[in-house]
Amino acid sequence: MSEAAQLQCIPQLFENRELLHYSNICSETLTRGSSMREKGKDNISHNADHVPYVPPEKQIPELTVKAVLLGVLLSIIFGIANVYLGLYAGMTISASIPAAVVSMGILRALRKGTILENNMVQTVASAGESLAAGVIFTIPALVITGAWMDFQYWPTVLVSILGGILGVLFMIPLRRTLISEEEELIYPEGVACAKVLEVGDKGGAGVKYVFRGLLIGLIFKFLISWLKIIKGTVERAVKLGKSIFYFGSEMSVALMGVGYIVGFNIAMLVFLGGLIGWVLGVPIYSLVNQAEFIGMSPLESASTIWSTRIRYMGVGAMVVGGIWSIVSAWGGIVSSIKSALEDYSGKSRTAMILRTEEDLPMKYVLLISIPVIIGILLLYLWILKLPLMSLLATLCMVIMGFFFVAVSSYTVGLVGSSNNPVSGMTICTVLFTAIMILIFNLKGMPGLVATMLVAAVVCIASCCAGDMSQDLKTGHLLGATPKKQQIGEIIGIVIPAFIMPLTLTLLLKAYGFVGLESGKVIGGTPGTEPLVAPQATLFASLTMMIFTSGDLPWNMIGFGALVGILLILIDMFLKRSGSKFRTYPMPVAVGLYLPLGLTVPIFIGGVMKLIVAKVAGDEFKEADHRGILTASGLISGEALMGVIVAILLIAGIRIDPILESDLVSVVAFLIPCVLLVLTSLFGKGE
């Protein structure tokens with residue numbers, strides 16, 4: 001998560017360098033990527049025939065003070081927004097394209113700024129989003145398990161900085177092989193962002209659509225969380241016969257925007273996961289285990305069944321999806337690592353390196369990597385107070401970190417960031433580390449904390465490496481200098497890291513989380529719904545069961561694994577038949593461990609995209625461009641208002657609900673949906 005895509009492959013360059021509109025590379029790549037790779041068309045990313053937008057011999061401003069400052073500002077804003085969105089819904093959005101659009105608008109207004117400066121802004125800005133994803137997927141688990149009473153400032157900052165920098169450093173040796181030479185890797189979000197910047201350099205930006213969506217998102221969230229004219233959730237549960245049936249939906253324009261961005265295919269798969277868990281799993285489980293829910297209301301029963309049993313199907317599906325991703329990409333990953341080692345040992349290095357192929361020198365990578373790893377060891381020793389466990393945790397971190405950085409960097413190039421199995425990688429890290437710790441007979445809360453700290457560093461490193469891969473692909477197409485982008489990425493990680501624990505603390509005090517041991521809300525203010533924190537709660541549940549009760553619901557994990565295997569088999573058939581619709585297991589796994597109410601607006605957003613595609617016809621490319629920018633604004637607006645409301649709640653500024661009607665809420669939610677479609681279809685071209 002995060003985890004959103006604006007996808008397709010790169011169109012051919014024309015002699016006059018007039019490139020097709022950014023929308024040419026929108027959502028079809030995720031479903032057409034395999035066939036395009038097989039045909040070998042429309043991919044000019046490898047060195048043999050690639051001509052960058054800015055020639056290697058041309059020097060234009062790139063890593064400038066204004067680009068870095070604007071990038072850092074946007075990195076903090078998008079980082080904060082994604083912390084809220086990730087804890088609320090378990091998903092994050094890519095900041096690259098919104099940041100690129102905002103950068104072009106601001107720098108153009110100042111009558112200053114080159115295309116490579118705008119690229120630097122999005123590189124720095126997207127680093128904050130990827131850092132937020134890695135942090136919120138893991139660090140809150142320490143609070144949810146009761147290992148931490150609150151978010152400890154310096155440990156959180158150091159885990160964020162060290163994990164993020166490690167992801168960047170581990171990816172650098174792979175850059176030339178993966179980004180410049182590997183023909184089958186498309187890096188769809190990176191290509192999409194390059195097209196946005198190229199179009200903007202020629203005069204079109206679309207910044208007004210981002211700010212229009214931002215305003216709608218701010219207002220809608222204000223009506224929900226502050227004035228409470230609109231209900232945040234509309235839900236019902238009933239008992240029919242001996243089974244319990246539930247249906248509900250969040251009134252979230254942010255999630256609707258996520259659904260629009262990822263497209264109908266992915267949105268449908270996330271919703272399918274929700275249907276499997278809630279429409280099939282909950283009724284069947286309640287029918288077979290009626291005695292467990294005597295005296296509970298249907299709504300309480302449905303929530304209990306899902307949270308204690310059904311959601312673990314998502315673990316099984318996620319592990320299968322993660323392993324399958326690794327198996328599918330194994331040959332490419334090994335080949336890439338081998339080529340990178342040969343390259344940096346001097347066997348394949350050319351006499352002269354072009355500016356557009358210049359990385360941070362390997363000696364600097366090693367000089368920085370060693371202190372970072374030592375710093376992680378000392379951090380573990382400071383927190384755990386156990387030398388052997390700290391050393392073991394550091395060893396696990398290095399092994400799993402380098403491996404999953406390679407997997408993440410390769411996978412996002414193959415299928416896009418929206419299908420990057422970071423959650424599956426983190427679960428594998430949790431299981432591997434837990435096994436290693438238990439082998440050395442290190443149990444209890446220290447073992448749990450050590451496992452989560454390893455998972456946190458690996459998750460952050462994987463997220464940042466995947467993001468940097470997309471950014472470097474953008475730079476490769478535009479003619480940026482990789483070394484400067486790598487420096488910008490590190491800056492974009494380090495500075496927002498100091499804001500992460502403050503944001504987490506703010507949200508903990510305002511909304512809170514449900515603790516696993518007590519079942520009660522940790523933190524929060526009266527009258528507010530606690531944040532779901534899906535991944536963190538899931539990882540917390542796994543580690544607690546491993547190190548305390550040992551009572552993992554293996555039957556549910558097994559059922560989820562079977563679902564994952566079935567989806568892979570169906571996907572193989574669909575791929576072979578050339579179908580545009582695919583059944584990737586990871587989005588379904590996400591839907592399985594999300595509350596159903598969160599998957600419904602995502603599905604609605606996907607349907608909105610489908611409507612735009614059907615109505616727009618030949619004009620879909622421009623319509624989708626407007627829609628994606630508007631949806632990005634909706635997401636950012638709601639997330640930022642969520643943080644603003646948190647500040648108001650902590651300050652004790654609140655009002656009683658004015659009107660909370662299901663009918664009013666549903667009708668009100670449909671208004672932004674209609675506006676998104678109308679803006680996409682009838683907005684003025686950029």
# chains A, B, ... in the order shown; residues from 1 in each chain; ligands from 1
$ select_by_dssp --residues "range 143-312 of chain A" --states "strand (DSSP E)" --output "JSON, numbers by chain"
{"A": [233, 234, 235, 236, 237, 238, 239, 240, 243, 244, 245, 246, 247, 248, 249, 250]}
$ residues_around --residues "Leu649 in chain A" --least-positions-apart "2" --cutoff "10 Å" --atoms "only C-alpha atoms" --output "list in words"
Ser225, Trp226, Leu506, Leu507, Lys509, Ala510, Tyr511, Gly524, Thr525, Pro526, Thr528, Val643, Ile644, Val645, Ala646, Ile647, Ala651, Gly652, Ile653, Arg654 and Ile655 of chain A
$ closest_residue --among "A:Leu110, A:Ile172, A:Gln486, A:Ser252" --to "Ile230 in chain A" --atoms "only C-alpha atoms"
A:Ser252
$ residues_around --residues "Ile399 in chain A" --least-positions-apart "4" --cutoff "12 Å" --atoms "only C-alpha atoms" --output "list in words"
Phe170, Ile373, Leu392, Ala393, Thr394, Leu395, Phe403, Phe404, Val405, Ala406, Thr429, Phe432, Thr433, Val454, Ala455, Val457 and Val458 of chain A
$ write_last_selection --atoms "N, CA, C and O atoms" --output "PDB file, in the first residue's frame"
ATOM      1  N   PHE A 170      20.532  -1.133  -1.188  1.00  0.00           N
ATOM      2  CA  PHE A 170      20.484  -2.498  -1.711  1.00  0.00           C
ATOM      3  C   PHE A 170      20.003  -2.525  -3.166  1.00  0.00           C
ATOM      4  O   PHE A 170      20.315  -3.444  -3.919  1.00  0.00           O
ATOM      5  N   ILE A 373      23.954  -0.914   8.692  1.00  0.00           N
ATOM      6  CA  ILE A 373      23.707  -2.238   9.289  1.00  0.00           C
ATOM      7  C   ILE A 373      24.155  -2.264  10.747  1.00  0.00           C
ATOM      8  O   ILE A 373      23.464  -2.812  11.620  1.00  0.00           O
ATOM      9  N   LEU A 392      21.068 -11.916  16.137  1.00  0.00           N
ATOM     10  CA  LEU A 392      20.268 -12.812  15.308  1.00  0.00           C
ATOM     11  C   LEU A 392      19.248 -12.028  14.480  1.00  0.00           C
ATOM     12  O   LEU A 392      19.049 -12.295  13.289  1.00  0.00           O
ATOM     13  N   ALA A 393      18.620 -11.044  15.104  1.00  0.00           N
ATOM     14  CA  ALA A 393      17.639 -10.216  14.394  1.00  0.00           C
ATOM     15  C   ALA A 393      18.305  -9.446  13.255  1.00  0.00           C
ATOM     16  O   ALA A 393      17.744  -9.332  12.158  1.00  0.00           O
ATOM     17  N   THR A 394      19.501  -8.925  13.494  1.00  0.00           N
ATOM     18  CA  THR A 394      20.216  -8.185  12.455  1.00  0.00           C
ATOM     19  C   THR A 394      20.580  -9.092  11.291  1.00  0.00           C
ATOM     20  O   THR A 394      20.457  -8.707  10.116  1.00  0.00           O
ATOM     21  N   LEU A 395      21.014 -10.308  11.593  1.00  0.00           N
ATOM     22  CA  LEU A 395      21.357 -11.278  10.547  1.00  0.00           C
ATOM     23  C   LEU A 395      20.132 -11.604   9.694  1.00  0.00           C
ATOM     24  O   LEU A 395      20.198 -11.620   8.457  1.00  0.00           O
ATOM     25  N   PHE A 403      17.181  -9.844  -0.045  1.00  0.00           N
ATOM     26  CA  PHE A 403      16.391 -10.717  -0.914  1.00  0.00           C
ATOM     27  C   PHE A 403      15.091 -10.044  -1.339  1.00  0.00           C
ATOM     28  O   PHE A 403      14.739 -10.011  -2.524  1.00  0.00           O
ATOM     29  N   PHE A 404      14.362  -9.461  -0.380  1.00  0.00           N
ATOM     30  CA  PHE A 404      13.066  -8.888  -0.716  1.00  0.00           C
ATOM     31  C   PHE A 404      13.180  -7.519  -1.386  1.00  0.00           C
ATOM     32  O   PHE A 404      12.253  -7.099  -2.081  1.00  0.00           O
ATOM     33  N   VAL A 405      14.294  -6.820  -1.213  1.00  0.00           N
ATOM     34  CA  VAL A 405      14.534  -5.616  -2.013  1.00  0.00           C
ATOM     35  C   VAL A 405      14.644  -5.997  -3.488  1.00  0.00           C
ATOM     36  O   VAL A 405      14.073  -5.341  -4.374  1.00  0.00           O
ATOM     37  N   ALA A 406      15.367  -7.084  -3.756  1.00  0.00           N
ATOM     38  CA  ALA A 406      15.495  -7.562  -5.135  1.00  0.00           C
ATOM     39  C   ALA A 406      14.146  -8.014  -5.679  1.00  0.00           C
ATOM     40  O   ALA A 406      13.780  -7.698  -6.816  1.00  0.00           O
ATOM     41  N   THR A 429       8.832 -12.779   6.159  1.00  0.00           N
ATOM     42  CA  THR A 429       9.872 -12.283   7.065  1.00  0.00           C
ATOM     43  C   THR A 429       9.517 -12.600   8.513  1.00  0.00           C
ATOM     44  O   THR A 429      10.375 -13.039   9.302  1.00  0.00           O
ATOM     45  N   PHE A 432       9.950 -16.437   9.015  1.00  0.00           N
ATOM     46  CA  PHE A 432      11.358 -16.836   8.993  1.00  0.00           C
ATOM     47  C   PHE A 432      12.074 -16.374  10.263  1.00  0.00           C
ATOM     48  O   PHE A 432      12.800 -17.150  10.907  1.00  0.00           O
ATOM     49  N   THR A 433      11.873 -15.119  10.632  1.00  0.00           N
ATOM     50  CA  THR A 433      12.536 -14.573  11.823  1.00  0.00           C
ATOM     51  C   THR A 433      12.047 -15.277  13.087  1.00  0.00           C
ATOM     52  O   THR A 433      12.853 -15.604  13.980  1.00  0.00           O
ATOM     53  N   VAL A 454      12.443  -6.631  12.909  1.00  0.00           N
ATOM     54  CA  VAL A 454      13.012  -7.139  11.655  1.00  0.00           C
ATOM     55  C   VAL A 454      12.022  -6.928  10.515  1.00  0.00           C
ATOM     56  O   VAL A 454      12.377  -6.452   9.429  1.00  0.00           O
ATOM     57  N   ALA A 455      10.756  -7.283  10.759  1.00  0.00           N
ATOM     58  CA  ALA A 455       9.725  -7.114   9.735  1.00  0.00           C
ATOM     59  C   ALA A 455       9.588  -5.648   9.333  1.00  0.00           C
ATOM     60  O   ALA A 455       9.380  -5.337   8.150  1.00  0.00           O
ATOM     61  N   VAL A 457      11.917  -3.182   9.373  1.00  0.00           N
ATOM     62  CA  VAL A 457      13.033  -2.741   8.525  1.00  0.00           C
ATOM     63  C   VAL A 457      12.910  -3.335   7.127  1.00  0.00           C
ATOM     64  O   VAL A 457      13.092  -2.640   6.117  1.00  0.00           O
ATOM     65  N   VAL A 458      12.587  -4.635   7.039  1.00  0.00           N
ATOM     66  CA  VAL A 458      12.474  -5.296   5.738  1.00  0.00           C
ATOM     67  C   VAL A 458      11.315  -4.716   4.933  1.00  0.00           C
ATOM     68  O   VAL A 458      11.435  -4.471   3.727  1.00  0.00           O
TER      69      VAL A 458
END
$ select_by_dssp --residues "range 520-571 of chain A" --states "alpha helix (DSSP H)" --output "list of chain:residue names"
A:Pro534, A:Gln535, A:Ala536, A:Thr537, A:Leu538, A:Phe539, A:Ala540, A:Ser541, A:Leu542, A:Thr543, A:Met544, A:Trp554, A:Asn555, A:Met556, A:Ile557, A:Gly558, A:Phe559, A:Gly560, A:Ala561, A:Leu562, A:Val563, A:Gly564, A:Ile565, A:Leu566, A:Leu567, A:Ile568, A:Leu569, A:Ile570, A:Asp571
$ write_last_selection --atoms "N, CA and C atoms" --output "tab-separated table (two decimals), in the first residue's frame"
chain	number	residue	atom	x	y	z
A	534	PRO	N	-5.15	-2.69	9.08
A	534	PRO	CA	-5.28	-4.11	8.72
A	534	PRO	C	-3.99	-4.89	8.75
A	535	GLN	N	-2.95	-4.40	8.03
A	535	GLN	CA	-1.71	-5.17	8.00
A	535	GLN	C	-1.06	-5.27	9.37
A	536	ALA	N	-0.99	-4.14	10.07
A	536	ALA	CA	-0.35	-4.15	11.39
A	536	ALA	C	-1.08	-5.09	12.34
A	537	THR	N	-2.41	-5.07	12.31
A	537	THR	CA	-3.18	-5.97	13.17
A	537	THR	C	-2.94	-7.42	12.80
A	538	LEU	N	-2.86	-7.68	11.50
A	538	LEU	CA	-2.62	-9.05	11.04
A	538	LEU	C	-1.25	-9.54	11.49
A	539	PHE	N	-0.21	-8.72	11.28
A	539	PHE	CA	1.14	-9.13	11.68
A	539	PHE	C	1.23	-9.26	13.20
A	540	ALA	N	0.54	-8.37	13.92
A	540	ALA	CA	0.52	-8.47	15.37
A	540	ALA	C	-0.13	-9.77	15.83
A	541	SER	N	-1.24	-10.15	15.19
A	541	SER	CA	-1.92	-11.40	15.54
A	541	SER	C	-1.02	-12.60	15.32
A	542	LEU	N	-0.32	-12.61	14.18
A	542	LEU	CA	0.56	-13.73	13.87
A	542	LEU	C	1.67	-13.87	14.90
A	543	THR	N	2.35	-12.77	15.20
A	543	THR	CA	3.47	-12.85	16.13
A	543	THR	C	3.00	-13.21	17.54
A	544	MET	N	1.85	-12.67	17.95
A	544	MET	CA	1.35	-13.01	19.29
A	544	MET	C	1.01	-14.49	19.40
A	554	TRP	N	-5.00	-22.52	11.80
A	554	TRP	CA	-4.40	-23.12	10.62
A	554	TRP	C	-5.43	-23.53	9.58
A	555	ASN	N	-6.63	-23.91	10.05
A	555	ASN	CA	-7.64	-24.30	9.08
A	555	ASN	C	-8.02	-23.13	8.17
A	556	MET	N	-8.17	-21.93	8.74
A	556	MET	CA	-8.50	-20.76	7.94
A	556	MET	C	-7.33	-20.36	7.03
A	557	ILE	N	-6.12	-20.45	7.56
A	557	ILE	CA	-4.93	-20.16	6.74
A	557	ILE	C	-4.86	-21.14	5.57
A	558	GLY	N	-5.19	-22.41	5.84
A	558	GLY	CA	-5.20	-23.43	4.79
A	558	GLY	C	-6.25	-23.15	3.73
A	559	PHE	N	-7.46	-22.76	4.16
A	559	PHE	CA	-8.51	-22.42	3.20
A	559	PHE	C	-8.07	-21.25	2.32
A	560	GLY	N	-7.44	-20.25	2.96
A	560	GLY	CA	-6.96	-19.10	2.20
A	560	GLY	C	-5.89	-19.49	1.19
A	561	ALA	N	-5.01	-20.42	1.59
A	561	ALA	CA	-3.98	-20.90	0.67
A	561	ALA	C	-4.61	-21.60	-0.53
A	562	LEU	N	-5.66	-22.38	-0.28
A	562	LEU	CA	-6.36	-23.03	-1.39
A	562	LEU	C	-7.00	-22.01	-2.33
A	563	VAL	N	-7.56	-20.94	-1.74
A	563	VAL	CA	-8.12	-19.87	-2.57
A	563	VAL	C	-7.02	-19.25	-3.44
A	564	GLY	N	-5.85	-19.01	-2.83
A	564	GLY	CA	-4.73	-18.44	-3.59
A	564	GLY	C	-4.29	-19.34	-4.73
A	565	ILE	N	-4.19	-20.64	-4.46
A	565	ILE	CA	-3.79	-21.60	-5.50
A	565	ILE	C	-4.82	-21.62	-6.63
A	566	LEU	N	-6.11	-21.64	-6.26
A	566	LEU	CA	-7.17	-21.64	-7.27
A	566	LEU	C	-7.09	-20.39	-8.14
A	567	LEU	N	-6.85	-19.24	-7.52
A	567	LEU	CA	-6.73	-17.99	-8.28
A	567	LEU	C	-5.55	-18.03	-9.25
A	568	ILE	N	-4.44	-18.60	-8.81
A	568	ILE	CA	-3.26	-18.71	-9.68
A	568	ILE	C	-3.56	-19.59	-10.89
A	569	LEU	N	-4.25	-20.71	-10.65
A	569	LEU	CA	-4.60	-21.61	-11.74
A	569	LEU	C	-5.53	-20.93	-12.74
A	570	ILE	N	-6.52	-20.21	-12.21
A	570	ILE	CA	-7.44	-19.48	-13.09
A	570	ILE	C	-6.69	-18.40	-13.88
A	571	ASP	N	-5.77	-17.71	-13.19
A	571	ASP	CA	-5.00	-16.65	-13.85
A	571	ASP	C	-4.13	-17.20	-14.97
$ closest_residue --among "A:Gly206, A:Gly314, A:Gly167, A:Gly134" --to "His625 in chain A" --atoms "only C-alpha atoms"
A:Gly206
$ atom_distance --atom1 "CA of Val83 in chain A" --atom2 "CA of Ile136 in chain A"
6.2 Å
$ closest_atom_pairs --of "range 178-210 of chain A" --to "range 628-642 of chain A" --cutoff "9 Å" --atoms "only C-alpha atoms" --output "tab-separated table"
residue	atom	partner	partner_atom	distance
A:Gly206	CA	A:Leu629	CA	7.3
A:Val207	CA	A:Leu629	CA	7.8
A:Lys208	CA	A:Thr630	CA	8.5
A:Tyr209	CA	A:Thr630	CA	4.9
A:Val210	CA	A:Gly633	CA	4.5
$ residues_around --residues "Lys609 in chain A" --least-positions-apart "4" --cutoff "8 Å" --atoms "only C-alpha atoms" --output "MDAnalysis selection string"
chainID A and resid 260:261 263:264 605 613 624 677
$ write_last_selection --atoms "all heavy atoms" --output "PDB file, in the first residue's frame"
ATOM      1  N   TYR A 260     -10.866   3.875  -8.579  1.00  0.00           N
ATOM      2  CA  TYR A 260     -10.768   4.429  -9.929  1.00  0.00           C
ATOM      3  C   TYR A 260      -9.340   4.306 -10.462  1.00  0.00           C
ATOM      4  O   TYR A 260      -9.120   3.918 -11.612  1.00  0.00           O
ATOM      5  CB  TYR A 260     -11.202   5.898  -9.946  1.00  0.00           C
ATOM      6  CG  TYR A 260     -11.237   6.461 -11.352  1.00  0.00           C
ATOM      7  CD1 TYR A 260     -12.409   6.454 -12.090  1.00  0.00           C
ATOM      8  CD2 TYR A 260     -10.080   6.952 -11.949  1.00  0.00           C
ATOM      9  CE1 TYR A 260     -12.440   6.932 -13.392  1.00  0.00           C
ATOM     10  CE2 TYR A 260     -10.095   7.433 -13.252  1.00  0.00           C
ATOM     11  CZ  TYR A 260     -11.277   7.421 -13.971  1.00  0.00           C
ATOM     12  OH  TYR A 260     -11.283   7.872 -15.261  1.00  0.00           O
ATOM     13  N   ILE A 261      -8.368   4.628  -9.615  1.00  0.00           N
ATOM     14  CA  ILE A 261      -6.978   4.616 -10.074  1.00  0.00           C
ATOM     15  C   ILE A 261      -6.510   3.209 -10.428  1.00  0.00           C
ATOM     16  O   ILE A 261      -5.894   2.988 -11.467  1.00  0.00           O
ATOM     17  CB  ILE A 261      -6.059   5.240  -8.999  1.00  0.00           C
ATOM     18  CG1 ILE A 261      -6.312   6.753  -8.926  1.00  0.00           C
ATOM     19  CG2 ILE A 261      -4.597   4.983  -9.325  1.00  0.00           C
ATOM     20  CD1 ILE A 261      -5.556   7.447  -7.826  1.00  0.00           C
ATOM     21  N   GLY A 263      -8.316   0.708 -11.256  1.00  0.00           N
ATOM     22  CA  GLY A 263      -9.085   0.164 -12.368  1.00  0.00           C
ATOM     23  C   GLY A 263     -10.015  -0.962 -11.958  1.00  0.00           C
ATOM     24  O   GLY A 263      -9.947  -1.506 -10.853  1.00  0.00           O
ATOM     25  N   PHE A 264     -10.894  -1.323 -12.887  1.00  0.00           N
ATOM     26  CA  PHE A 264     -11.950  -2.292 -12.590  1.00  0.00           C
ATOM     27  C   PHE A 264     -11.390  -3.661 -12.215  1.00  0.00           C
ATOM     28  O   PHE A 264     -11.893  -4.306 -11.299  1.00  0.00           O
ATOM     29  CB  PHE A 264     -12.893  -2.423 -13.791  1.00  0.00           C
ATOM     30  CG  PHE A 264     -13.996  -3.428 -13.566  1.00  0.00           C
ATOM     31  CD1 PHE A 264     -15.080  -3.127 -12.759  1.00  0.00           C
ATOM     32  CD2 PHE A 264     -13.935  -4.692 -14.137  1.00  0.00           C
ATOM     33  CE1 PHE A 264     -16.089  -4.049 -12.531  1.00  0.00           C
ATOM     34  CE2 PHE A 264     -14.931  -5.621 -13.923  1.00  0.00           C
ATOM     35  CZ  PHE A 264     -16.018  -5.297 -13.115  1.00  0.00           C
ATOM     36  N   GLY A 605     -15.413   2.601  -7.209  1.00  0.00           N
ATOM     37  CA  GLY A 605     -14.457   3.387  -7.993  1.00  0.00           C
ATOM     38  C   GLY A 605     -14.045   2.679  -9.270  1.00  0.00           C
ATOM     39  O   GLY A 605     -13.912   3.305 -10.332  1.00  0.00           O
ATOM     40  N   ALA A 613     -14.751   4.474 -19.356  1.00  0.00           N
ATOM     41  CA  ALA A 613     -14.179   3.797 -20.528  1.00  0.00           C
ATOM     42  C   ALA A 613     -15.251   3.509 -21.574  1.00  0.00           C
ATOM     43  O   ALA A 613     -15.039   3.700 -22.781  1.00  0.00           O
ATOM     44  CB  ALA A 613     -13.488   2.507 -20.099  1.00  0.00           C
ATOM     45  N   ASP A 624      -9.527   9.563 -19.007  1.00  0.00           N
ATOM     46  CA  ASP A 624      -8.907   8.843 -17.898  1.00  0.00           C
ATOM     47  C   ASP A 624      -7.814   9.675 -17.244  1.00  0.00           C
ATOM     48  O   ASP A 624      -7.605   9.620 -16.031  1.00  0.00           O
ATOM     49  CB  ASP A 624      -8.332   7.519 -18.403  1.00  0.00           C
ATOM     50  CG  ASP A 624      -7.932   6.599 -17.269  1.00  0.00           C
ATOM     51  OD1 ASP A 624      -8.677   6.529 -16.271  1.00  0.00           O
ATOM     52  OD2 ASP A 624      -6.874   5.957 -17.359  1.00  0.00           O
ATOM     53  N   VAL A 677     -17.071  11.060 -12.561  1.00  0.00           N
ATOM     54  CA  VAL A 677     -17.369  10.612 -13.925  1.00  0.00           C
ATOM     55  C   VAL A 677     -17.545  11.805 -14.861  1.00  0.00           C
ATOM     56  O   VAL A 677     -16.998  11.830 -15.975  1.00  0.00           O
ATOM     57  CB  VAL A 677     -18.632   9.721 -13.931  1.00  0.00           C
ATOM     58  CG1 VAL A 677     -19.052   9.406 -15.368  1.00  0.00           C
ATOM     59  CG2 VAL A 677     -18.381   8.429 -13.168  1.00  0.00           C
TER      60      VAL A 677
END
$ residues_around --residues "Ser462 in chain A" --least-positions-apart "4" --cutoff "12 Å" --atoms "only C-alpha atoms" --output "MDAnalysis selection string"
chainID A and resid 1:2 127 130:131 133:135 137 163:171 397 400:412 417 420:426 429 455:458 466:469
$ atom_distance --atom1 "CA of Cys463 in chain A" --atom2 "CA of Ser126 in chain A"
10.8 Å
$ residues_around --residues "Ser390 in chain A" --least-positions-apart "2" --cutoff "9 Å" --atoms "only C-alpha atoms" --output "VMD selection string"
chain A and resid 377 to 388 392 to 395 450
$ atom_distance --atom1 "CA of Leu218 in chain A" --atom2 "CA of Gly71 in chain A"
22.2 Å
$ closest_residue --among "A:Pro98, A:Gly515, A:Gly597, A:Pro361" --to "Ile77 in chain A" --atoms "only C-alpha atoms"
A:Pro98
$ closest_residue --among "A:Gln152, A:Ile353, A:Thr548, A:Ala317" --to "Thr481 in chain A" --atoms "only C-alpha atoms"
A:Ile353
$ closest_residue --among "A:Pro501, A:Pro140, A:Gly683, A:Gly295" --to "Trp154 in chain A" --atoms "only C-alpha atoms"
A:Pro501
$ closest_residue --among "A:Ile323, A:Val449, A:Leu116, A:Ala668" --to "Ile437 in chain A" --atoms "only C-alpha atoms"
A:Val449
$ decode --residues "range 419-430 of chain A" --atoms "N, CA, C and O atoms" --output "short mmCIF file (atom, residue, chain, number, x, y, z; two decimals), in the first residue's frame"
data_model
loop_
_atom_site.label_atom_id
_atom_site.label_comp_id
_atom_site.auth_asym_id
_atom_site.auth_seq_id
_atom_site.Cartn_x
_atom_site.Cartn_y
_atom_site.Cartn_z
N ASN A 419 0.45 -4.58 -7.57
CA ASN A 419 0.52 -6.02 -7.31
C ASN A 419 1.82 -6.42 -6.62
O ASN A 419 2.16 -7.60 -6.61
N ASN A 420 2.54 -5.45 -6.09
CA ASN A 420 3.77 -5.76 -5.37
C ASN A 420 3.41 -6.45 -4.05
O ASN A 420 2.75 -5.85 -3.19
N PRO A 421 3.80 -7.71 -3.85
CA PRO A 421 3.34 -8.47 -2.68
C PRO A 421 4.11 -8.13 -1.41
O PRO A 421 4.67 -9.02 -0.75
N VAL A 422 4.13 -6.86 -1.02
CA VAL A 422 4.88 -6.45 0.17
C VAL A 422 4.33 -7.13 1.43
O VAL A 422 5.09 -7.57 2.29
N SER A 423 3.00 -7.23 1.53
CA SER A 423 2.42 -7.90 2.70
C SER A 423 2.85 -9.36 2.76
O SER A 423 3.17 -9.88 3.84
N GLY A 424 2.87 -10.02 1.61
CA GLY A 424 3.33 -11.41 1.59
C GLY A 424 4.79 -11.53 1.97
O GLY A 424 5.19 -12.45 2.71
N MET A 425 5.62 -10.59 1.50
CA MET A 425 7.03 -10.59 1.87
C MET A 425 7.19 -10.39 3.38
O MET A 425 8.04 -11.03 4.02
N THR A 426 6.39 -9.49 3.93
CA THR A 426 6.49 -9.21 5.37
C THR A 426 6.05 -10.41 6.19
O THR A 426 6.67 -10.73 7.23
N ILE A 427 5.00 -11.10 5.76
CA ILE A 427 4.58 -12.32 6.47
C ILE A 427 5.68 -13.37 6.42
O ILE A 427 5.98 -14.03 7.42
N CYS A 428 6.31 -13.54 5.24
CA CYS A 428 7.43 -14.47 5.13
C CYS A 428 8.57 -14.07 6.06
O CYS A 428 9.21 -14.93 6.69
N THR A 429 8.83 -12.78 6.16
CA THR A 429 9.87 -12.28 7.07
C THR A 429 9.52 -12.60 8.51
O THR A 429 10.38 -13.04 9.30
N VAL A 430 8.25 -12.36 8.87
CA VAL A 430 7.79 -12.66 10.24
C VAL A 430 7.99 -14.14 10.55
O VAL A 430 8.54 -14.51 11.61
#
